[in-house]
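Peer 1: Here you go, one structure.
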Amino acid sequence: MRIGVYVCHCGLNIAGVLEPDSLTEFAKTLPGVEVARDLQFTCSDTGQETIKEDIKEHKLESIVVAACSPRLHEPTFRRVVSEAGMNPFMLEMANIREQCSWVHMDEPPQAQEKAKDLIRMAVAKATLLSPLTGETMPVSREVLVIGGGVAGVQASLDLADCGLHVYLVERRPTIGGYMALLTDVFPTNDCSICVLAPKMTDVYNHPLITLVTYAEILNIEGSVGRFTVSGVKKARFVDEKLCKGCLNECAGVCPMEVPDDYEFGLGKRKAIFMPIPQAVPLVACIDPESCIGCGLCAEACPVDAVKYDQRQEDFRFDVGAIIVATGWQSFDPARKEEYGYGRYRDVISALQVERLLNAAGPTGGEVVRPSTGQVAKSVAFLQCVGSRDESVGNPYCSRVCCMYALKNAQLIKEKYPETEVSIHYIDLRAGGEGYEEFYIRAQRLGINFIRGRVSEVEEVDGTLKVNYEDTLLGDFRSRPYDLVVLSAGLEANRDADVVGNLLGLSKRPDGFFEIAHPKMRPVEAHIDGVFIAGCASGPKEIQVSIAQGEAAASKAMGLLVRGELALDPVVAVVDAEKCIGCRLCVDTCPGKAISVNGIALVDEAACKGCGTCAAACPVDAIDMTLFSDEQILSQIRAATAVKGQYPFIVGFLCNWCSYAGADLAGTSRIQYPTNMRAIRVMCAGRVDPAFVLEALKGGADGVLISGCRLGECHYNKGNYQAYQRVQVLKGVLEKVGINPGRVKIIWCAASEGEILAKEVRKFAGELKEMGPVGTELAPPGSPEPSGVGY
Amino acid sequence: MTQIAKTQNMAMAGEEIETKTGAAEGEKFREKVLALAGSEVKTCIQCGTCSASCPTASLMEAPIRKLVKLVLEGEKEEALSSRSIWLCTSCLLCTVRCPRNIRPMAVVAALKAIYEEEGMRCRDSVFEGIFARQIRDYGRISELLLSAEYMIRSPGSAAQIMAFGAELVPKGKIELGFEAARGERIEGIEEMRRIFKVLGDEGEAEAAQAGESETAGAAQKAAESEDETGGPI
């Protein structure tokens, strides 16, 4: 390999501490180095031109730039070598600025030694680089949206309006979700279905949306760009094309009445029914559970749409991306036994009061006591039922209950000014545009606000008594009410588990689907090509669900609009000869990119290149195209070739957090000892125990592995796997007599340069106390440790 | 605001703060309760579920919700002087219902333990001590012995409930006579002792102490000091 090495002065940023000319002379002595030069500013036009000319003149095959962080200028120099006709991946950078000259300003001699090591390591890796080509893959420009609530509806419309074909799959007979069942909605108190229905109709009429209702997804295969989805559309026993949606004819004659689940048990429906008057599609549906097959509806239907012999139909689509908008389910308030839901008729849920307030609801909009049918004269709202409650396993705030309780309280007070309305709360959370104003409006209307979580509800002589401590007064009260409304929280939709499992989505401890980053990537799943919108990823109000539907649509569009995907060539490759098909890699892969059919197969489109599988493989059958075992081992050997310092630390820093954190320590000029030689890996999970052993064998006194903070891994769980491996490795080291404290794993975010610096200092101190590696192996009394280079 | 934060803020402003309990001691007290009752006590949101569920809260000047707050603020004196901790019936409803999985009952238990440790005494603690000791030693309560010992050790408070006790005698609620006074042990008393041992009751030390206080003079002296701290009924 003919290598060119370029040592940058970066003005005085590097040259102020290090001596680039002597580093250049040093580089010339390294094997394979054809040309070595020091340049004032390597990234400048002159610097770039010099490299290009050298490549042509000296027929260079691989380039090392010893300058700033690869996180800053790697793309620049990849472009430079590619413009000179070389493969862009034949480049390696030695970070002698952020991780050397800027952090060791007070120790130029040691920094110079470290820089030499860093250059030797980079040259060692450069020797082993091989050209990689990023291929492109044609992708389907169709999108599957799962769930027809407001988030799914919005995502479908946005995608279709941009010309992408959408399959919208909904498990219930109509789209619209919970929003279609609510009465007026906050903070403007406009009618929910009035603002939603036009969107639902648009979905139905859009030429680019295929609406599949009353359907279940049974299988999802493939990966980004080419998912294959299959499932069934259940029989509704009514022909969708023939039904006119008149309903009166068929339901009018049906003799069977059952509780209406669209009224949350408050009203009744027939065995043949229309879920809601604004149902989309506007087609009746027969519930086979309650139908007795009397045939009256078939006779009554003027267009002969009732088909008792209808069968379920299979469907199968190929799509490029999937939007998961599977929504939420209500906490079952009966689980809080002390509130008497299900025992006392006048204790109802928040969704039930929505239906009572709804003009299209079972009472035509009258808020009555279910026990008497009389309008309630006093109403209590009990907040945090099944939210912020560890005793039922829901420690989180459901975010919308304060606002919907304020809204329903206002609606009741406006309709019945004489009715006494109280809200029993722990904390009133009204954060959002216009929300505090909404709270003030409720106060002005004369609604009582009582701070204190209710302990229990009792029914005494037909009146509900609500027991609580007014925590602001310190008084205990038992207050009578006609109607008690439990503000039940929002839970993860259990019906979505099937889809979650098929896609391999991870769940947070609260049960909702986890997004790729809790702040920066709000609608992306960990799986490429899968997006999450609305309450599937946690409780949200309608406006946020709509925004997420739009965001997910725009992400899917960005992915598929060109009709092809550029694949990152940094992927895992399987050596078919070595693979034993143990499936360990399948379990470790965060992107579900590996499948095993006899031997492991890597889906290059789905592989994100973290390398956790390569570290996990028990027979070393998996390697990475870049950051390969051989490349990293050669870096380790190069690092430990001289060991000009004691204690000597080999570091493995994950690209996304810790390496960035180390760079930040540089830009912030946080000084720390020069003892560590850092090797960049994509993920802490890439660190194979063999790397650690190689470093110790080479005479490193300690090995520091640094990953993203737990829960913040770029690849979801790579840092946990790294942690697990380090724990096992420590056990092994202890058994062979090496102090397990020589291997240390830490967590450092990209913003925590200070922590990285502190940890390096601390670790160097600890190692100093342990003595040089191998000290612990020496028999007591022996003056010199044997077998290692001290 | 926690005691620490308060102290720091004040220190920054260069002012002296005045709490009933000194800041450092308050902090020590807080940490001790947290160590005994669990650090999750720090996550209390003062929702009031515990006190609203408490059957004896209406009798307490500082119901359990407030006790937790006093602990978190390091208000040692107020927390310990409150009679609330002796009114707790250990029904555990607070603990079952707490939405933060705090064990408020454990806070009460911690306060009682600290109370004893500090050598504080009041009529309630004396009564509870006698009660527990009888259970440990005999496995049962003898109303006669209990009243007698309470009378010796805390004559002031015992006198106040004597009339009530007298009412119970004709109803057969208090057994008198030789049988009761003999203090017969239940079968398997060793098991009972073991329970106390497991619960960390240092029986021997206390028994020794009790033995000493048998002498009338010492008992009298103790009784006097109790009544001072016992407060009015």
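Identifiers for the structure tokens are assigned positionally: chains receive A, B, ... in sequence, residues are indexed from 1 per chain, and ligands are indexed from 1 in the order shown.
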Show which residues sit within 9 Å of region 722-735 of chain A, as an MDAnalysis selection string. Count only C-alpha atoms, and ignore same-chain residues fewer than 4 positions away.
Peer 2: chainID A and resid 612 616 683:689 692 705 707 717:718 739:746
Peer 1: Using 12 Å as the limit and counting only C-alpha atoms, can you tabulate each residue of chain B that touches chain A, with its shortest atom-to-atom distance in Å and the two atoms involved, as a Markdown table?
Peer 2:
```
| residue | atom | partner | partner_atom | distance |
| --- | --- | --- | --- | --- |
| B:Glu40 | CA | A:Glu390 | CA | 11.6 |
| B:Thr43 | CA | A:Pro395 | CA | 11.4 |
| B:Cys44 | CA | A:Ile426 | CA | 11.3 |
| B:Ile45 | CA | A:Ile426 | CA | 7.8 |
| B:Gln46 | CA | A:Thr471 | CA | 7.6 |
| B:Cys47 | CA | A:Gly452 | CA | 5.1 |
| B:Gly48 | CA | A:Gly452 | CA | 5.3 |
| B:Thr49 | CA | A:Ser455 | CA | 5.1 |
| B:Cys50 | CA | A:Ser455 | CA | 7.5 |
| B:Ser51 | CA | A:Glu469 | CA | 6.7 |
| B:Ala52 | CA | A:Tyr468 | CA | 4.8 |
| B:Ser53 | CA | A:Ser455 | CA | 5.3 |
| B:Cys54 | CA | A:Ser455 | CA | 9.0 |
| B:Pro55 | CA | A:Phe476 | CA | 10.9 |
| B:Thr56 | CA | A:Phe476 | CA | 10.9 |
| B:Ala57 | CA | A:Phe476 | CA | 8.2 |
| B:Ser58 | CA | A:Phe476 | CA | 6.9 |
| B:Leu59 | CA | A:Phe476 | CA | 10.6 |
| B:Met60 | CA | A:Gly474 | CA | 10.8 |
| B:Glu61 | CA | A:Gly474 | CA | 9.5 |
| B:Ala62 | CA | A:Gly474 | CA | 8.9 |
| B:Pro63 | CA | A:Gly474 | CA | 8.5 |
| B:Ile64 | CA | A:Gly474 | CA | 11.0 |
| B:Arg65 | CA | A:Thr471 | CA | 8.4 |
| B:Lys66 | CA | A:Gly474 | CA | 8.5 |
| B:Leu67 | CA | A:Gly474 | CA | 12.0 |
| B:Lys69 | CA | A:Thr471 | CA | 11.6 |
| B:Leu93 | CA | A:Ser455 | CA | 9.7 |
| B:Cys94 | CA | A:Ser455 | CA | 9.3 |
| B:Thr95 | CA | A:Ser391 | CA | 9.6 |
| B:Val96 | CA | A:Ser391 | CA | 7.6 |
| B:Arg97 | CA | A:Ser391 | CA | 6.8 |
| B:Cys98 | CA | A:Ser391 | CA | 6.9 |
| B:Pro99 | CA | A:Asp389 | CA | 4.0 |
| B:Arg100 | CA | A:Glu390 | CA | 5.3 |
| B:Asn101 | CA | A:Glu390 | CA | 5.8 |
| B:Ile102 | CA | A:Glu390 | CA | 9.3 |
| B:Arg103 | CA | A:Ser391 | CA | 11.4 |
```
Peer 1: Identify, on the basis of only C-alpha atoms, every residue whose closest approach to region 70-87 of chain B does not exceed 8 Å; exclude the query and any residue fewer than 5 positions from it along the same chain; express the result as number ranges by chain.
Peer 2: B: 1-3, 19-21, 23, 25-30, 33, 42, 56-57, 59-64, 108-109, 111-112, 115, 124-125
Peer 1: Write out as a PDB file with C-alpha atoms, in the first residue's frame the set of residues from region 471-609 of chain A that DSSP, computed on the backbone, places in helix (DSSP H, G or I).
Peer 2:
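Generated file (selection_3.pdb):
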```
ATOM      1  CA  ARG A 494     -52.200  -3.341  23.676  1.00  0.00           C
ATOM      2  CA  ASP A 495     -53.773  -4.149  20.306  1.00  0.00           C
ATOM      3  CA  ALA A 496     -50.687  -2.608  18.700  1.00  0.00           C
ATOM      4  CA  ASP A 497     -48.373  -5.217  20.204  1.00  0.00           C
ATOM      5  CA  VAL A 498     -48.731  -7.452  17.160  1.00  0.00           C
ATOM      6  CA  VAL A 499     -47.563  -4.722  14.816  1.00  0.00           C
ATOM      7  CA  GLY A 500     -44.824  -3.714  17.263  1.00  0.00           C
ATOM      8  CA  ASN A 501     -43.501  -7.263  17.406  1.00  0.00           C
ATOM      9  CA  LEU A 502     -43.688  -7.746  13.648  1.00  0.00           C
ATOM     10  CA  LEU A 503     -41.653  -4.591  13.131  1.00  0.00           C
ATOM     11  CA  GLY A 534     -49.415  10.263  17.568  1.00  0.00           C
ATOM     12  CA  CYS A 535     -50.168   8.483  20.822  1.00  0.00           C
ATOM     13  CA  ALA A 536     -48.396   5.286  19.762  1.00  0.00           C
ATOM     14  CA  SER A 537     -45.258   6.900  21.188  1.00  0.00           C
ATOM     15  CA  ILE A 542     -54.800  16.231  19.075  1.00  0.00           C
ATOM     16  CA  GLN A 543     -52.741  19.134  17.785  1.00  0.00           C
ATOM     17  CA  VAL A 544     -49.477  17.324  18.534  1.00  0.00           C
ATOM     18  CA  SER A 545     -50.765  14.091  17.000  1.00  0.00           C
ATOM     19  CA  ILE A 546     -51.571  15.981  13.813  1.00  0.00           C
ATOM     20  CA  ALA A 547     -48.138  17.604  13.813  1.00  0.00           C
ATOM     21  CA  GLN A 548     -46.558  14.174  14.237  1.00  0.00           C
ATOM     22  CA  GLY A 549     -48.649  12.718  11.432  1.00  0.00           C
ATOM     23  CA  GLU A 550     -47.357  15.514   9.219  1.00  0.00           C
ATOM     24  CA  ALA A 551     -43.790  15.023  10.429  1.00  0.00           C
ATOM     25  CA  ALA A 552     -43.892  11.267   9.829  1.00  0.00           C
ATOM     26  CA  ALA A 553     -45.298  11.849   6.359  1.00  0.00           C
ATOM     27  CA  SER A 554     -42.517  14.277   5.500  1.00  0.00           C
ATOM     28  CA  LYS A 555     -39.888  11.843   6.799  1.00  0.00           C
ATOM     29  CA  ALA A 556     -41.345   9.021   4.712  1.00  0.00           C
ATOM     30  CA  MET A 557     -41.459  11.326   1.696  1.00  0.00           C
ATOM     31  CA  GLY A 558     -37.832  12.331   2.145  1.00  0.00           C
ATOM     32  CA  LEU A 559     -36.909   8.677   2.234  1.00  0.00           C
ATOM     33  CA  LEU A 560     -38.859   7.500  -0.777  1.00  0.00           C
ATOM     34  CA  LEU A 584     -26.688 -14.574  18.595  1.00  0.00           C
ATOM     35  CA  CYS A 585     -26.248 -11.794  16.034  1.00  0.00           C
ATOM     36  CA  VAL A 586     -30.002 -11.760  15.326  1.00  0.00           C
ATOM     37  CA  ASP A 587     -30.665 -11.036  18.985  1.00  0.00           C
ATOM     38  CA  THR A 588     -28.015  -8.350  19.272  1.00  0.00           C
TER      39      THR A 588
END
```
Peer 1: Step one, run DSSP on the backbone; step two, keep only residues of region 648-784 of chain A assigned to strand (DSSP E); then write them as a PyMOL selection string.
Peer 2: chain A and resi 649-654+676-681+702-707+743-747
Peer 1: Would you pick out the contacts of Ala251 (chain A) at 10 Å or less, using only C-alpha atoms, so that residues sharing its chain but fewer than 3 positions from it are not included, and give the list as a ChimeraX atom specification?
Peer 2: /A:246-248,254-257,269-274,284,286,296-297,300-301
Peer 1: The selected residues should be written to file as a compact mmCIF listing (two decimals), in the first residue's frame (atoms: all heavy atoms).
Peer 2:
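Wrote it out as out-v2.txt, contents follow:
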```
# COMPACT_ATOMS: atom_id res chain seq x y z
N CYS A 246 -77.72 4.13 4.57
CA CYS A 246 -78.98 4.70 5.09
C CYS A 246 -79.23 4.23 6.52
O CYS A 246 -79.80 4.94 7.31
CB CYS A 246 -80.15 4.35 4.17
SG CYS A 246 -80.41 2.58 3.97
N LEU A 247 -78.80 3.02 6.84
CA LEU A 247 -78.85 2.42 8.16
C LEU A 247 -80.25 2.20 8.72
O LEU A 247 -80.54 1.12 9.23
CB LEU A 247 -78.00 3.19 9.17
CG LEU A 247 -77.72 2.36 10.44
CD1 LEU A 247 -76.77 1.23 10.12
CD2 LEU A 247 -77.19 3.20 11.55
N ASN A 248 -81.10 3.22 8.63
CA ASN A 248 -82.42 3.09 9.26
C ASN A 248 -83.14 1.82 8.84
O ASN A 248 -83.78 1.17 9.64
CB ASN A 248 -83.30 4.29 8.89
CG ASN A 248 -82.90 5.49 9.73
OD1 ASN A 248 -82.22 5.33 10.74
ND2 ASN A 248 -83.29 6.68 9.29
N CYS A 254 -83.72 -4.80 12.92
CA CYS A 254 -82.90 -5.78 13.66
C CYS A 254 -83.44 -5.94 15.08
O CYS A 254 -83.62 -4.96 15.80
CB CYS A 254 -81.44 -5.35 13.70
SG CYS A 254 -80.41 -6.48 14.65
N PRO A 255 -83.69 -7.17 15.52
CA PRO A 255 -84.28 -7.37 16.85
C PRO A 255 -83.24 -7.42 17.98
O PRO A 255 -83.60 -7.42 19.15
CB PRO A 255 -84.96 -8.74 16.72
CG PRO A 255 -84.14 -9.47 15.69
CD PRO A 255 -83.57 -8.44 14.77
N MET A 256 -81.94 -7.47 17.62
CA MET A 256 -80.92 -7.68 18.65
C MET A 256 -80.32 -6.36 19.12
O MET A 256 -79.85 -5.57 18.32
CB MET A 256 -79.80 -8.57 18.12
CG MET A 256 -80.22 -10.01 17.87
SD MET A 256 -80.90 -10.77 19.35
CE MET A 256 -79.44 -10.81 20.38
N GLU A 257 -80.30 -6.16 20.45
CA GLU A 257 -79.68 -4.94 21.01
C GLU A 257 -78.54 -5.33 21.94
O GLU A 257 -78.71 -6.21 22.78
CB GLU A 257 -80.72 -4.16 21.81
CG GLU A 257 -81.38 -3.08 21.01
CD GLU A 257 -82.10 -2.07 21.91
OE1 GLU A 257 -82.35 -2.40 23.07
OE2 GLU A 257 -82.40 -0.97 21.40
N ARG A 269 -76.70 -0.56 20.71
CA ARG A 269 -76.75 -0.59 19.26
C ARG A 269 -77.34 -1.92 18.84
O ARG A 269 -77.49 -2.83 19.65
CB ARG A 269 -75.35 -0.41 18.68
CG ARG A 269 -74.38 -1.55 19.00
CD ARG A 269 -73.27 -1.64 17.99
NE ARG A 269 -72.17 -2.50 18.42
CZ ARG A 269 -72.17 -3.83 18.33
NH1 ARG A 269 -73.24 -4.47 17.85
NH2 ARG A 269 -71.13 -4.54 18.72
N LYS A 270 -77.66 -2.02 17.53
CA LYS A 270 -78.22 -3.26 17.01
C LYS A 270 -77.08 -4.18 16.56
O LYS A 270 -75.93 -3.77 16.48
CB LYS A 270 -79.15 -2.95 15.83
CG LYS A 270 -80.38 -2.12 16.21
CD LYS A 270 -81.28 -2.90 17.14
CE LYS A 270 -82.54 -2.15 17.50
NZ LYS A 270 -83.46 -1.89 16.41
N ALA A 271 -77.44 -5.42 16.19
CA ALA A 271 -76.42 -6.35 15.71
C ALA A 271 -75.89 -5.89 14.35
O ALA A 271 -74.74 -6.11 14.01
CB ALA A 271 -76.99 -7.76 15.59
N ILE A 272 -76.74 -5.23 13.55
CA ILE A 272 -76.24 -4.56 12.34
C ILE A 272 -76.19 -3.08 12.67
O ILE A 272 -77.15 -2.52 13.19
CB ILE A 272 -77.10 -4.86 11.10
CG1 ILE A 272 -76.47 -4.23 9.85
CG2 ILE A 272 -78.55 -4.41 11.25
CD1 ILE A 272 -77.00 -4.78 8.54
N PHE A 273 -75.04 -2.48 12.47
CA PHE A 273 -74.87 -1.12 13.00
C PHE A 273 -73.92 -0.28 12.16
O PHE A 273 -73.15 -0.80 11.35
CB PHE A 273 -74.34 -1.19 14.44
CG PHE A 273 -72.93 -1.73 14.55
CD1 PHE A 273 -71.85 -0.87 14.78
CD2 PHE A 273 -72.67 -3.09 14.40
CE1 PHE A 273 -70.55 -1.36 14.86
CE2 PHE A 273 -71.36 -3.58 14.49
CZ PHE A 273 -70.31 -2.72 14.72
N MET A 274 -74.01 0.99 12.38
CA MET A 274 -73.07 1.95 11.81
C MET A 274 -72.30 2.48 13.03
O MET A 274 -72.93 2.96 13.98
CB MET A 274 -73.83 3.09 11.14
CG MET A 274 -72.99 4.05 10.39
SD MET A 274 -72.40 3.35 8.85
CE MET A 274 -73.89 3.40 7.88
N ALA A 284 -72.62 -0.14 6.72
CA ALA A 284 -73.04 -0.86 7.92
C ALA A 284 -72.17 -2.09 8.12
O ALA A 284 -71.41 -2.49 7.23
CB ALA A 284 -74.50 -1.26 7.79
N ILE A 286 -72.15 -5.98 10.32
CA ILE A 286 -72.87 -6.92 11.19
C ILE A 286 -71.88 -7.53 12.17
O ILE A 286 -70.82 -8.00 11.78
CB ILE A 286 -73.57 -8.04 10.38
CG1 ILE A 286 -74.67 -7.44 9.52
CG2 ILE A 286 -74.13 -9.11 11.31
CD1 ILE A 286 -75.41 -8.44 8.66
N LEU A 296 -83.91 -10.47 8.72
CA LEU A 296 -84.78 -9.30 8.55
C LEU A 296 -84.05 -8.14 7.86
O LEU A 296 -84.62 -7.44 7.03
CB LEU A 296 -85.31 -8.84 9.91
CG LEU A 296 -86.34 -9.76 10.55
CD1 LEU A 296 -86.69 -9.30 11.96
CD2 LEU A 296 -87.61 -9.80 9.69
N CYS A 297 -82.76 -7.95 8.21
CA CYS A 297 -82.03 -6.82 7.63
C CYS A 297 -81.84 -7.02 6.12
O CYS A 297 -81.97 -6.10 5.32
CB CYS A 297 -80.71 -6.60 8.34
SG CYS A 297 -79.65 -8.05 8.42
N ALA A 300 -84.90 -6.10 4.45
CA ALA A 300 -85.21 -4.67 4.51
C ALA A 300 -84.30 -3.84 3.60
O ALA A 300 -84.69 -2.76 3.15
CB ALA A 300 -85.08 -4.17 5.95
N CYS A 301 -83.08 -4.33 3.34
CA CYS A 301 -82.13 -3.50 2.59
C CYS A 301 -82.63 -3.26 1.18
O CYS A 301 -82.88 -4.20 0.42
CB CYS A 301 -80.77 -4.18 2.57
SG CYS A 301 -79.56 -3.22 1.62
```
Peer 1: Which residues, written as a list in words, have at least one atom at most 8 Å from Arg136 (chain B), with only C-alpha atoms counted and residues fewer than 5 positions away on the same chain left out?
Peer 2: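 So the residues in contact are Ile189, Met192, Arg193 and Phe196 of chain B.
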Peer 1: Deliver the residues from the most recent selection as a file, using all heavy atoms, as a compact mmCIF listing (two decimals), in the first residue's frame.
Peer 2:
```txt
# COMPACT_ATOMS: atom_id res chain seq x y z
N ILE B 189 -43.60 -19.18 73.32
CA ILE B 189 -43.18 -17.78 73.51
C ILE B 189 -41.85 -17.50 72.80
O ILE B 189 -41.56 -16.39 72.40
CB ILE B 189 -43.11 -17.46 75.03
CG1 ILE B 189 -42.82 -15.97 75.28
CG2 ILE B 189 -42.04 -18.32 75.73
CD1 ILE B 189 -43.96 -15.07 74.91
N MET B 192 -42.28 -15.91 69.57
CA MET B 192 -42.58 -14.48 69.71
C MET B 192 -41.29 -13.70 69.92
O MET B 192 -41.06 -12.65 69.32
CB MET B 192 -43.52 -14.29 70.90
CG MET B 192 -44.03 -12.88 71.06
SD MET B 192 -44.98 -12.33 69.62
CE MET B 192 -46.55 -13.12 69.94
N ARG B 193 -40.43 -14.24 70.73
CA ARG B 193 -39.15 -13.56 71.01
C ARG B 193 -38.34 -13.45 69.72
O ARG B 193 -37.68 -12.46 69.46
CB ARG B 193 -38.35 -14.36 72.05
CG ARG B 193 -39.08 -14.42 73.39
CD ARG B 193 -38.22 -13.92 74.51
NE ARG B 193 -39.06 -13.71 75.68
CZ ARG B 193 -39.03 -14.49 76.76
NH1 ARG B 193 -38.19 -15.51 76.82
NH2 ARG B 193 -39.81 -14.23 77.78
N PHE B 196 -39.48 -10.68 67.60
CA PHE B 196 -38.96 -9.40 68.08
C PHE B 196 -37.49 -9.24 67.72
O PHE B 196 -37.03 -8.16 67.37
CB PHE B 196 -39.17 -9.30 69.60
CG PHE B 196 -40.50 -8.71 69.95
CD1 PHE B 196 -41.65 -9.48 69.89
CD2 PHE B 196 -40.60 -7.37 70.31
CE1 PHE B 196 -42.88 -8.93 70.21
CE2 PHE B 196 -41.82 -6.83 70.62
CZ PHE B 196 -42.97 -7.60 70.58
```
Peer 1: What's around Glu107 (chain A) at 10 Å? Count only C-alpha atoms, leave out sequence neighbours fewer than 5 positions away in its own chain, and write the answer as a VMD selection string.
Peer 2: chain A and resid 17 to 18 101 112 671 to 674
Peer 1: Pick from A:Phe652, A:Phe627, A:Tyr435, A:Tyr659: nearest to Leu129 (chain A), with only C-alpha atoms counted?
Peer 2: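 When distances to Leu129 (chain A) are compared using only C-alpha atoms, the smallest one comes from A:Phe627.
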Peer 1: For the atom pair CA of Cys708 (chain A) and CA of Gln721 (chain A), what is the interatomic distance in Å to one decimal place?
Peer 2: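 Taking CA of Cys708 (chain A) as the start and CA of Gln721 (chain A) as the end point, the length is 11.9 Å.
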Peer 1: Give me, as number ranges by chain, all polymer residues having an atom no more than 12 Å from Val212 (chain A), counting only C-alpha atoms and skipping those fewer than 6 positions away in the same chain.
Peer 2: A: 144-148, 166-175, 203-204, 230-235, 240, 280-281, 313-317
Peer 1: Could you save the residues just selected, with C-alpha atoms, as a compact mmCIF listing (two decimals), in the first residue's frame?
Peer 2:
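Once written, again-v9.txt looks like this:
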```
# COMPACT_ATOMS: atom_id res chain seq x y z
CA LEU A 144 -48.35 1.85 4.72
CA VAL A 145 -50.07 3.82 7.45
CA ILE A 146 -51.24 1.68 10.35
CA GLY A 147 -54.11 3.22 12.27
CA GLY A 148 -56.80 5.59 11.07
CA VAL A 166 -50.82 5.20 0.66
CA TYR A 167 -52.41 2.12 2.14
CA LEU A 168 -54.27 3.14 5.29
CA VAL A 169 -55.11 0.10 7.39
CA GLU A 170 -57.57 0.44 10.29
CA ARG A 171 -58.69 -2.38 12.54
CA ARG A 172 -62.12 -0.97 13.33
CA PRO A 173 -64.98 -0.55 10.84
CA THR A 174 -64.46 3.22 10.57
CA ILE A 175 -61.52 5.59 10.62
CA VAL A 203 -59.14 10.10 2.82
CA TYR A 204 -62.02 8.14 1.36
CA SER A 230 -49.98 -8.94 4.54
CA GLY A 231 -53.16 -9.32 6.53
CA VAL A 232 -56.87 -9.87 6.38
CA LYS A 233 -59.87 -7.67 5.90
CA LYS A 234 -62.58 -9.08 8.10
CA ALA A 235 -66.04 -9.80 6.76
CA GLU A 240 -69.15 -1.99 0.75
CA VAL A 280 -65.90 6.43 6.79
CA PRO A 281 -66.57 4.26 4.88
CA GLU A 313 -60.26 -11.25 2.31
CA ASP A 314 -56.46 -11.44 2.37
CA PHE A 315 -54.42 -8.44 1.32
CA ARG A 316 -50.76 -7.97 0.55
CA PHE A 317 -48.86 -4.77 -0.27
```
Peer 1: For a quick check of understanding, using only C-alpha atoms, which of B:Ala106, B:Cys91, B:Leu146, B:Leu36 has the smallest distance to Ile174 (chain B)?
Peer 2: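 Residue with the minimum atom-to-atom distance to Ile174 (chain B): B:Leu146.
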Peer 1: CA of Asp346 (chain A) to CA of Gly149 (chain A): how many Å, to one decimal?
Peer 2: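 CA of Gly149 (chain A) lies 29.5 Å from CA of Asp346 (chain A).
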